[in-house]
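Please read the structure below before turning to the comments.
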Amino acid sequence: MLYSEKVMDHMQNPRNLGKMEDADGIGQVGNAKCGDIMKMYIKVSGGIITDVTFNTFGCGSAIAASSMATELIKGKPLEDAVQLTNQAVVEALDGLPHHKVHCSVLAEEAIRAAVEDYYHRQGLDVPGDCAR
Ligand code: FES
């Protein structure tokens, strides 16, 4: 089968879907080639991501990747969230077809953008790890 059960599950039942009105950080990224856009919203308290939601206007793999990524960073410190790689997202999804791996990159980038936005809003310098 082209997609793993986990990918199908997250495509059909995305976790943490939707806009967050009172987000502390918002990251939006896009893929110029396919035109897909992903937006991540984070709520932060004491350096921990207490809540995270997303909106993805894109393919099913991008939706599954963003859904899984929100699950992986919820409750985690900001420093851990920015370390999340697209490979970790792909692994958690039990794999993506090769030509769909780029969709998971959007999730990694959107999280980093949201964390950076959080630091900017706080008037803080973005720690080295985020500024890659
Ligand atoms: Fe564009 Fe998947 S095809 S993100």
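Ligands are numbered from 1 in the order shown, chains are lettered A, B, ... in the order of the structure tokens, and residues start at 1 in each chain.
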
**Request:** Tell me which protein, DNA and RNA residues are within 7 Å of Asn55 (chain A), counting only C-alpha atoms, leaving out same-chain ones fewer than 2 positions away, and put them as a list in words.
**Result:** Leu17, Gly18, Lys19, Met38, Lys39, Met40 and Phe57 of chain A

Output all heavy atoms for every residue in the selection just made, as a tab-separated table (two decimals), in the first residue's frame.
```tsv
chain	number	residue	atom	x	y	z
A	17	LEU	N	-6.56	20.10	14.76
A	17	LEU	CA	-6.84	20.89	13.56
A	17	LEU	C	-7.58	22.17	13.92
A	17	LEU	O	-8.47	22.14	14.76
A	17	LEU	CB	-7.69	20.04	12.60
A	17	LEU	CG	-8.06	20.65	11.26
A	17	LEU	CD1	-6.82	20.89	10.41
A	17	LEU	CD2	-9.03	19.74	10.52
A	18	GLY	N	-7.20	23.27	13.30
A	18	GLY	CA	-7.96	24.50	13.45
A	18	GLY	C	-7.11	25.67	13.87
A	18	GLY	O	-5.97	25.52	14.28
A	19	LYS	N	-7.73	26.84	13.77
A	19	LYS	CA	-7.05	28.09	14.11
A	19	LYS	C	-7.06	28.27	15.62
A	19	LYS	O	-8.03	27.86	16.27
A	19	LYS	CB	-7.82	29.22	13.44
A	19	LYS	CG	-7.19	30.56	13.53
A	19	LYS	CD	-8.03	31.56	12.75
A	19	LYS	CE	-7.48	32.96	12.99
A	19	LYS	NZ	-8.37	33.97	12.42
A	38	MET	N	1.15	25.71	5.11
A	38	MET	CA	0.90	25.15	6.45
A	38	MET	C	1.07	26.25	7.49
A	38	MET	O	2.00	27.04	7.42
A	38	MET	CB	1.90	24.04	6.71
A	38	MET	CG	1.59	23.24	7.96
A	38	MET	SD	2.87	21.99	8.23
A	38	MET	CE	2.60	20.86	6.89
A	39	LYS	N	0.15	26.26	8.43
A	39	LYS	CA	0.18	27.27	9.49
A	39	LYS	C	0.11	26.55	10.83
A	39	LYS	O	-0.77	25.70	11.03
A	39	LYS	CB	-1.04	28.19	9.33
A	39	LYS	CG	-0.79	29.61	9.72
A	39	LYS	CD	-1.91	30.50	9.19
A	39	LYS	CE	-1.74	31.90	9.71
A	39	LYS	NZ	-2.73	32.83	9.19
A	40	MET	N	1.05	26.87	11.72
A	40	MET	CA	1.07	26.27	13.06
A	40	MET	C	0.85	27.35	14.10
A	40	MET	O	1.43	28.44	14.00
A	40	MET	CB	2.45	25.65	13.36
A	40	MET	CG	2.75	24.38	12.66
A	40	MET	SD	2.20	22.96	13.62
A	40	MET	CE	2.53	21.67	12.42
A	57	PHE	N	-3.33	23.89	4.11
A	57	PHE	CA	-4.02	23.94	2.83
A	57	PHE	C	-3.11	23.21	1.86
A	57	PHE	O	-2.23	23.81	1.26
A	57	PHE	CB	-4.26	25.39	2.43
A	57	PHE	CG	-4.96	26.16	3.52
A	57	PHE	CD1	-4.26	26.96	4.39
A	57	PHE	CD2	-6.34	26.02	3.69
A	57	PHE	CE1	-4.90	27.64	5.42
A	57	PHE	CE2	-6.99	26.68	4.71
A	57	PHE	CZ	-6.27	27.49	5.58
```

Within 7 Å of ligand 1: each chain A residue with its shortest pair, only C-alpha atoms and all ligand atoms, as a Markdown table:
```
| residue | atom | partner | partner_atom_place_in_ligand_line | distance |
| --- | --- | --- | --- | --- |
| A:Asn31 | CA | ligand 1 | 1 (Fe) | 6.2 |
| A:Cys34 | CA | ligand 1 | 1 (Fe) | 4.5 |
| A:Gly35 | CA | ligand 1 | 1 (Fe) | 6.3 |
| A:Asp36 | CA | ligand 1 | 1 (Fe) | 4.7 |
| A:Gly58 | CA | ligand 1 | 4 (S) | 5.7 |
| A:Cys59 | CA | ligand 1 | 2 (Fe) | 4.6 |
| A:Gly60 | CA | ligand 1 | 2 (Fe) | 6.9 |
| A:Ser61 | CA | ligand 1 | 2 (Fe) | 5.6 |
| A:Ala62 | CA | ligand 1 | 4 (S) | 4.8 |
| A:Lys100 | CA | ligand 1 | 2 (Fe) | 5.9 |
| A:His102 | CA | ligand 1 | 4 (S) | 6.5 |
| A:Cys103 | CA | ligand 1 | 4 (S) | 3.8 |
| A:Leu106 | CA | ligand 1 | 4 (S) | 6.8 |
```

**Request:** Excluding region 50-54 of chain A and residues on its chain fewer than 6 positions from it, collect all residues at most 9 Å away from it, counting only C-alpha atoms, and give them as a ChimeraX atom specification.
**Result:** /A:15-20,23,38-44,63,66-67,70-71,73-77

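For region 10-123 of chain A, a DSSP pass over the backbone yields strand (DSSP E or B) at Leu17, Gly25, Ile26, Gly27, Gln28, Val29, Gly30, Ile37, Met38, Lys39, Met40, Tyr41, Ile42, Lys43, Val44, Ser45, Ile48, Ile49, Thr50, Asp51, Val52, Thr53, Phe54, Asn55, Thr56, Phe57 and Pro77 of chain A.
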
**Prompt:** Within 9 Å of Asp9 (chain A), counting only C-alpha atoms, which residues qualify if same-chain residues fewer than 5 places away don't, as an MDAnalysis selection string?
**Reply:** chainID A and resid 4 14 64

**Item:** Picked from chain A by DSSP as alpha helix (DSSP H), as a ChimeraX atom specification
**Value:** /A:5-12,60-73,78-83,86-92,101-121

**Asked** Of the candidates A:Met11, A:His98, A:Tyr118, A:Gly128, which one gets nearest to Gln83 (chain A) if we count only C-alpha atoms?
**Response**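 Smallest distance to Gln83 (chain A) is found for A:Gly128.
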
**Request:** Tell me which of A:Ser45, A:Asn13, A:Asn86, A:Gln122 sits closest to Glu108 (chain A), counting only C-alpha atoms.
**Result:**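 Using only C-alpha atoms, the shortest distance to Glu108 (chain A) belongs to A:Asn86.
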